[in-house]
Every structure is written in structure tokens, then in C-alpha cells.
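Student: Mind looking over this structure? Questions follow.
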Amino acid sequence: MLNALPRKPLTRALGIAIVLSLAAGSGSPIASSRIAAAQGSQAPAATGATTAILVDVVVRDKNGEPVPGLTPEDFEIIEDGVRQELGSFTPIFRDAPREAARTTVQTPTASSTRAAAPEQAAAAHKEAAAQATAAANTPGEILALVFDRLTADNRPLAQRAALSYLGTEVPEGRAIAVYGIDLGLVPYQALTRDVKKVRRAIEEFGTRATSQFGATTAQRRDMEERIARSGAAAQSSVQISGGPGTEGGSGNIGAAVSDQAFLEMQQRSLETFDALERDQEGYSTANALMAIVSGMRTLPGRKALVFFSEGLSITTNAKERFLAVVAAANRANVSIYSVDASGLRAVSPLKETRDEIDAAGSRILRRNPTADQTSEPMLAGLERNETHLQLNPHSGLGMISDQTGGLLVANTNDFRKALSRVDGDLRNYYMLSYVPKNEEFDGQYRQISIKVKRSGVIVQHRKGYYAVRAPAGLPVLAYEAPALAVLDRAPVPNAFPVRVGALTFPEWSRPGLTPVVVEVPTSAATFRPVEGEINALGADLAIVVRDSKGDIIDKMSQRYELRTTPEQLEQTKTGLVIFYRQPELPAGVHTLETVVRDGLANKASVRFTTVEIPTNDPNRLRLSSLVLIRRGEKVPESERISDSPLYVGDTLLYPNLAASLKHAVDKELGFYLTVYVPDANAQQTATVDLIQNGAVLARLPLELEHPDAERRIRQVGRLPIDQLAAGSYELRVVVHQGSTTVSRTSQFRIAE
């Protein structure tokens with residue numbers, strides 16, 4: 001009745017991508033396989049946890065000198081426009097007499113915090129005070145010198161500035177690290193108190209060239225000028241010849257118009273590449289800064305990052321990354337001091353912004369609305385002005401410094417005096433804490449404002465935080481925060497169906513390879529009309545991976561946005577949103593906490609999944625998960641995920657996470673697993689068992705393929721189910737090699 005046919009390929013198709021895929025239930029695609037964007041929140045009652053917010057505050061007088069001797073009564077904390085009650089208060093002044101450093105803990109009344117649990121607020125303040133006291137008593141100070149990719153002209157200037165700032169000795173107790181940023185992070189020197197090592201690292205930076213971006217921008221502007229001249233020449237030909245229909249003139253006019261069309265085609269290519277290049281530059285810089293900030297988060301006290309750069313042009317696509325850097329720096333208590341390595345600029349940093357806006361206006365004015373047919377709206381160029389305004393190099397540097405309580409050093413060649421502020425800020429500040437009156441940690445960004453009741457002072461502090469109860473330093477993107485906040489609810493919401501599969505494929509070189517698949521039916525999503533009568537779906541998905549101790553060891557996320565026409569809306573609602581990642585996890589038992597949040601409907605669903613990663617034994621026969629197959633698709637080589645274990649040849653297999661089949665639709669059950677053999681010359685045998693209620697209904701031999709060069713057997717099989725009664729079953733594959741036996745099982749259901 002049952003048989004295993006491992007060699008027959010599966011053929012029903014569904015599109016999948018490493019980020020996202022959407023397809024109709026019938027298997028026909030209904031939208032692009034790569035989509036992105038949105039946010040939302042919904043949550044039941046919050047848990048009883050209370051969190052105190054720590055804020056370090058630098059107060060200077062009009063001469064730039066630290067102001068000691070302030071008391072708790074001198075400070076006022078405002079969050080989102082609401083005055084907060086000060087909790088712990090710790091002055092930290094290492095340049096002042098020892099008695100100036102004292103700690104005062106105030107216990108707020110129940111009315112000023114969460115009325116139901118004032119003792120929790122007191123405990124939160126006590127913990128915050130302990131952290132502040134530890135920072136005050138910590139002899140060390142942490143400083144990271146970070147050099148962005150600099151041109152040959154500005155690299156020596158930044159090097160001299162850093163060496164001059166460093167001097168000939170490191171202040172007592174201070175540790176310094178040196179990093180460079182290219183396409184990735186370049187660690188020149190780990191944290192050390194040895195000034196000679198730091199100086200050598202800075203000198204090494206000065207000898208290294210880095211990748212440069214921006215050449216395409218100059219080419220694009222040159223092309224715009226050529227197009228303008230070509231257009232003028234074509235118009236002149238028309239006027240001289242008397243028009244296109246004049247004898248002898250049509251050939252010259254046609255050639256001029258053709259040349260201009262070729263130039264415009266090349267210009268569009270340069271514009272596309274220029275935008276992609278700017279995004280790539282932003283991503284690599286933001287990722288490097290994130291890595292450095294995250295590495296500093298476990299160290300106590302106030303920390304500083306001095307960032308030598310020629311400017312940050314934060315594009316719209318890269319903006320989320322830089323906001324995440326700011327959030328991570330604030331959580332890690334790291335202030336970023338940005339230094340414009342171009343020094344005193346001969347040309348205003350606003351020039352590039354002005355040139356871009358002028359060029360956009362010129363393109364629009366040159367366009368003939370009747371002759372120049374284009375799919376782009378007439379005002380599309382001016383709509384990009386927000387991006388153009390972000391091209392000011394001081395804009396990005398100023399943002400990350402201001403939002404983290406640091407300082408922007410610009411328009412000067414005297415870096416030594418300006419950077420002396422870093423030393424003062426590291427050694428002289430106030431540490432405050434408060435319990436937010438807004439007790440719902442919903443992942444939204446909250447603005448902090450601190451006022452000092454003393455005239456003529458300048459106050460520096462971080463400007464806000466994302467309300468997420470997550471470990472300090474965990475990188476959190478803006479769209480992730482509301483989704484991660486849902487995990488803090490009790491009970492967690494379950495507003496719509498979500499299916500999660502965590503599969504194990506213990507490759508010899510990657511024993512912790514764990515493909516993660518999440519499916520959300522589009523019928524559960526919210527659509528809304530937008531301009532052009534298009535409906536939009538918005539959702540955020542985030543997965544947190546915890547080890548057996550509850551510590552977060554990985555995080556994955558994706559924003560989604562799907563647009564469709566009103567005519568295709570019903571078909572779109574029959575599809576699936578598919579999320580795919582393949583992290584590599586360490587050995588042990590891990591829990592995956594998955595949240596999908598629909599911002600348009602203000603609702604969410606959470607799923608918890610457990611996966612066990614065995615220890616890596618190169619001499620042990622091992623099996624992957626036994627994957628039930630929903631369908632397969634032949635994928636061109638250029639579109640494949642090269643290292644995905646779900647490919648068999650050119651066919652991509654899609655797991656059946658629902659593990660549900662219907663007699664009316666499904667005539668057979670497809671399955672797939674990978675056998676990893678320690679000895680390719682040894683003999684392996686296998687059987688397939690069909691089990692119901694603990695009883696083996698059938699046991700059949702499974703003919704295994706031959707191991708490949710990586711000592712893997714990728715085995716695909718299928719079982720007819722048309723003769724099976726409706727009900728729940730278990731499929732088990734058992735593999736034998738010598739005296740070793742390994743098995744894997746999967747459950748499935750058959751409905752009428």
C-alpha cells in the first residue's frame with residue numbers, strides 16, 4: 001500500500017526568497033517575491049516588572065568647564081512632555097575632591113510611579129543607584145578612537161589630531177581602543193592602557209588606504225551638464241534648420257536627439273548606482289559603529305567613542321541603521337563625539353546639498369511634458385529634497401553626537417582644544433535615574449529632556465530611548481522595538497495564525513545550521529487604501545533566540561509591505577508571507593520567541609519554539625530534521641541561496657509547517673532529510689515507518705542515494721496517502737550504519 005520513491009522530484013512551485021516571499025495558496029505568484037516595511041502594536045496587560053531609566057548628564061558653564069556641586073533639586077527630568085520624579089542621584093567628579101562624589105537615593109511615592117507596586121519602583125531605583133555607585137567607584141574610563149574611510153588628503157590630518165589628543169601618556173585608569181572603518185570593521189588595537197600600542201595603531205591607520213565612495217556622484221553631475229549641452233544643441237539645430245521637416249535638417253536633428261537619449265540612459269544608470277553606493281556606504285559605517293558600541297556595553301561607567309569622519313550622508317534607506325546605532329549607544333552608556341576630519345573647509349558643507357537640489361530643479365525645467373515621455377511624475381525630483389538635505393556631512397555627524405550626549409567638532413583645525421572636552425565629560429558628570437510614569441513599555445521612542453535650574457549652563461545628555469525591556473546594548477532597529485515589546489506582555493497575544501519551523505541541518509562545517517521558516521497567511525493581515533487606489537499591508541516580524549539560561553544569543557527581523565490593486569486584493573488574501581533565515585547556533589537547547597505585529601490593525605501574535613543543537617562529533621552519524629514537503633520549485637542558479645540546505649539540485653523545497661493534508665487535494669506526502677555520514681565508504685541502510693497512536697502501520701525500506709563530496713546524502717521521498725483514513729499520523733525515518741542507529745520523526749494530519 002505504501003512505498004518510498006526517493007528519486008522522483010517534486011514539481012509544485014512556490015516563490016521563496018531569503019527575506020520574504022508571497023504566493024497564492026494555489027501556487028501561483030501574486031506579487032513580487034521581495035517586499036518590505038510597516039509597524040504596529042497590540043498587547044494585553046503589561047507584566048509587573050518596573051524599569052528605571054539611567055541618564056548621565058554633563059553640565060558645563062559658559063567657559064566650557066564642568067559644574068560640580070549641583071543637588072537633586074537642581075534637576076528636572078521630562079519624558080514625552082511629562083515631568084518625572086528623580087530617583088537615584090550620583091555626582092561623578094574624578095577631577096574634584098573625593099567628597100564631591102556622593103550618592104543620594106530618593107524613593108518616589110506610589111502616585112509618582114506605578115500605583116499598584118511602589119515597592120517595585122523603589123527596587124528599580126535601588127538597582128539603578130547601585131549601578132551609578134559602581135560607575136562612580138570604577139577607576140577605569142573607556143575610550144574608542146574610530147577612523148572612518150578617509151581620503152588621502154584628510155587621513156594625515158586625522159592622524160595628527162588623534163596623536164596630539166592622545167599625548168605621551170594615557171590618563172590613569174583609562175583604556176583605549178583603535179578601530180578603522182572600510183567595507184567592514186578594521187580593529188587596529190584592542191583596549192589597552194599602553195600608550196605606545198595606541199600610538200602605533202594610529203600610525204598604522206595613517207599608512208592604510210581605504211575604499212572610497214562618491215566617484216559616481218561626480219560622473220553623474222558631469223553627465224547632467226553634457227545632457228544640458230546636448231539639449232541646447234538639439235534645440236539650436238531645430239531653430240537653424242527651420243524645423244524637423246526642413247530639407248537637410250532632419251538628419252542632424254535626429255542625430256542630436258538620439259545622442260541626448262543615449263546620454264539620458266547613461267545618466268539614469270549612474271543615478272541608480274549612485275543611490276545604491278550611498279546606501280552601501282551608510283550600511284557599512286552604521287554596522288561598524290554598531291559593532292563597536294555593542295562591544296562596549298558590558299563595561300561599567302560612561303564611555304566615549306571619538307569618530308573621525310569626513311561626514312555622514314544618511315540616506316533614507318540607511319536611516320534605520322543609524323537610529324539603531326543611537327539607540328544601542330544610549331543603552332550602552334556610550335557618547336559619540338564626531339570630528340569632521342576635513343577640518344576647516346574651504347567650501348561650505350552645504351554646497352553638495354545645494355548642487356543636488358539645483359540639479360533636480362534643472363532636470364525638471366528641461367523636461368518637455370509632451371515630448372519627454374517618462375513614468376516619473378513631474379515633481380518627483382523635488383520630492384527627493386529630503387534625501388538631498390541629508391547630504392550635508394555635518395547633518396549626520398551632528399545627529400549621532402547630539403542624540404547620544406556627545407559633541408560635534410567641525411570647521412576647525414584645532415582639534416586638541418575641542419577634544420579636551422571628551423576628557424572632561426568622561427570624568428565629570430551626574431548619573432540620574434527615574435521610573436517612567438508611562439508604565440507601558442510598548443517599544444515606541446520616548447524623548448528625554450533634562451533641565452538644570454542654574455543660569456548660564458550647557459546641558460548634554462542622551463535625548464531618548466526605545467521603550468523595550470531588553471538587555472542593555474542589544475541592537476534594536478526602530479521598527480523592531482514595538483514588535484519586541486510585545487514579547488514583554490503577559491499573556492502574549494495570539495491575534496492571527498502564525499506557523500514557525502526551526503529545522504536543524506548539522507553540516508560538518510556548520511553543525512549549528514538552523515533554517516528558520518515563518519509563515520503568516522495574508523488573509524489575516526490588514527489592508528488599507530492608499531493613493532492610486534492601491535491597498536497596502538504592513539507588518540513587522542522579529543525573532544529572539546535565547547539559550548538555556550535565558551540570555552539572548554541572536555535576533556532576526558524583517559519589515560514587510562505589500563501593495564496590490566483593488567482587482568487583485570482577493571487573490572492576494574489567499575497567499576502566504578514567508579520569512580526565511582538560517583542562523584548558526586551553538587550546541588544546546590534554545591528557545592525561539594517569534595512575534596508578528598500588524599501595525600495597521602494594532603494586533604500581534606507570538607509563538608515559542610524549542611530547538612536542540614547537538615554537540616559536534618565528527619565521528620558520529622547524524623541526521624537533519626525530517627522535513628515534510630509542501631511543494632518545490634526549480635530556481636535559476638543566479639537566484640539561489642547558495643548555502644541553503646533546502647536545495648536538492650536546482651529544486652528548492654518548501655516545508656509544510658502546517659503538517660496538514662487533504663484527500664481532495666493531496667494524493668501523497670513528500671518528505672526530505674539529509675544524512676551526514678562520517679565515513680563515505682561505509683554502508684548505510686534506512687527504513688520508513690508510518691505510525692498511528694504508537695503502533696507501526698507499515699515499515700518499508702528506503703533506498704539511500706550515494707554520499708556527495710561533502711559526505712551528505714540529500715534524500716527526497718514520497719508516500720501515497722489516498723488510502724489512509726483521516727486522522728493524525730507520525731512519519732519516522734531510521735538510518736543504520738554499522739552498530740549506530742539514528743532516527744527522526746514528524747507528525748502530520750489528514751483531513752477529509
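Chains: A, B, ... in order of the C-alpha cells. Residues: from 1 per chain. Ligands: from 1, in order shown.
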Give me the residues within 6 Å of Phe308 (chain A) as a PDB file with C-alpha atoms, in the first residue's frame, counting only C-alpha atoms and dropping any in the same chain fewer than 4 places off.
Tutor:
ATOM      1  CA  PHE A 147      38.533  56.355  11.889  1.00  0.00           C
ATOM      2  CA  ASP A 148      36.027  56.318   9.057  1.00  0.00           C
ATOM      3  CA  VAL A 339      35.154  65.008  14.419  1.00  0.00           C
ATOM      4  CA  ALA A 341      38.316  65.200   9.626  1.00  0.00           C
TER       5      ALA A 341
END
Student: Check the DSSP output for the backbone and give back, as JSON, numbers by chain, the residues of region 440-488 of chain A in strand (DSSP E).
Tutor: {"A": [445, 446, 447, 448, 449, 450, 451, 452, 458, 459, 460, 464, 465, 466]}
Student: Write a file of the just-selected residues containing C-alpha atoms, as a CSV table (one decimal), in the first residue's frame.
Tutor:
chain,number,residue,atom,x,y,z
A,445,TYR,CA,10.6,56.1,21.1
A,446,ARG,CA,10.4,58.4,24.1
A,447,GLN,CA,12.1,61.8,24.2
A,448,ILE,CA,14.0,62.9,27.3
A,449,SER,CA,14.7,66.5,28.2
A,450,ILE,CA,16.7,67.4,31.3
A,451,LYS,CA,16.7,71.0,32.6
A,452,VAL,CA,19.0,72.4,35.2
A,458,ILE,CA,25.0,74.0,28.9
A,459,VAL,CA,23.5,70.5,29.5
A,460,GLN,CA,24.4,67.4,27.5
A,464,GLY,CA,15.7,59.4,24.3
A,465,TYR,CA,15.3,55.6,24.2
A,466,TYR,CA,13.1,52.9,22.8
Student: For Asn413 (chain A), please output as a list of chain:residue names all residues within 10 Å (counting only C-alpha atoms; exclusion window: fewer than 5 positions along the same chain).
Tutor: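 Using only C-alpha atoms, the neighbours found are A:Leu157, A:Ala158, A:Ala161, A:Asp340, A:Ala341, A:Ser342, A:Gly343, A:Leu344, A:Arg345, A:Ala418.
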Student: Deliver the residues from the most recent selection as a file, using C-alpha atoms, as a short mmCIF file (atom, residue, chain, number, x, y, z; two decimals), in the first residue's frame.
Tutor:
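Full text of part-v3.cif as output:
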data_model
loop_
_atom_site.label_atom_id
_atom_site.label_comp_id
_atom_site.auth_asym_id
_atom_site.auth_seq_id
_atom_site.Cartn_x
_atom_site.Cartn_y
_atom_site.Cartn_z
CA LEU A 157 45.12 65.47 9.47
CA ALA A 158 43.02 62.95 11.44
CA ALA A 161 44.78 65.18 15.60
CA ASP A 340 34.93 66.40 10.89
CA ALA A 341 38.32 65.20 9.63
CA SER A 342 38.16 67.70 6.75
CA GLY A 343 38.99 70.42 9.26
CA LEU A 344 38.34 73.99 8.26
CA ARG A 345 36.56 73.55 4.92
CA ALA A 418 37.95 70.70 21.16
#
Student: Quick one: pick out all helix (DSSP H, G or I) residues within region 402-440 of chain A from a backbone DSSP run and write them as a list in words.
Tutor: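 Selection result, helix (DSSP H, G or I) within region 402-440 of chain A: Asp402, Gln403, Phe415, Arg416, Lys417, Ala418, Leu419, Ser420, Arg421, Val422, Asp423, Gly424, Asp425, Leu426 and Arg427 of chain A.
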Student: Would you write out, as CSV, a table of all residues in region 441-541 of chain A that have an atom no more than 9 Å from an atom of region 319-322 of chain A, listing for each the closest atom pair and the distance in Å to one decimal, considering only C-alpha atoms and ordering rows by chain and rising residue number?
Tutor:
residue,atom,partner,partner_atom,distance
A:Leu477,CA,A:Glu320,CA,6.2
A:Ala478,CA,A:Glu320,CA,6.3
A:Tyr479,CA,A:Glu320,CA,8.1
Student: Using only C-alpha atoms, which of the listed residues (A:Ile202, A:Val520, A:Val589, A:Val716) sits closest to Asp547 (chain A)?
Tutor: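 Answer, going by the shortest atom-to-atom distance: A:Val589.
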Student: So, counting only C-alpha atoms, which residue among A:Asn656, A:Val688, A:Thr192, A:Asp643 is closest to Ser509 (chain A)?
Tutor: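 The closest residue to Ser509 (chain A) is A:Asp643.
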Student: Any idea what's packed within 10 Å of Asn535 (chain A), counting only C-alpha atoms, ignoring anything in its chain fewer than 5 positions away? Could you give it as a list in words?
Tutor: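 The contact residues come out as Thr526, Phe527, Arg528, Pro529, Val530, Leu562, Arg563, Thr564, Thr565, Pro566, Gln568 and Leu569 of chain A.
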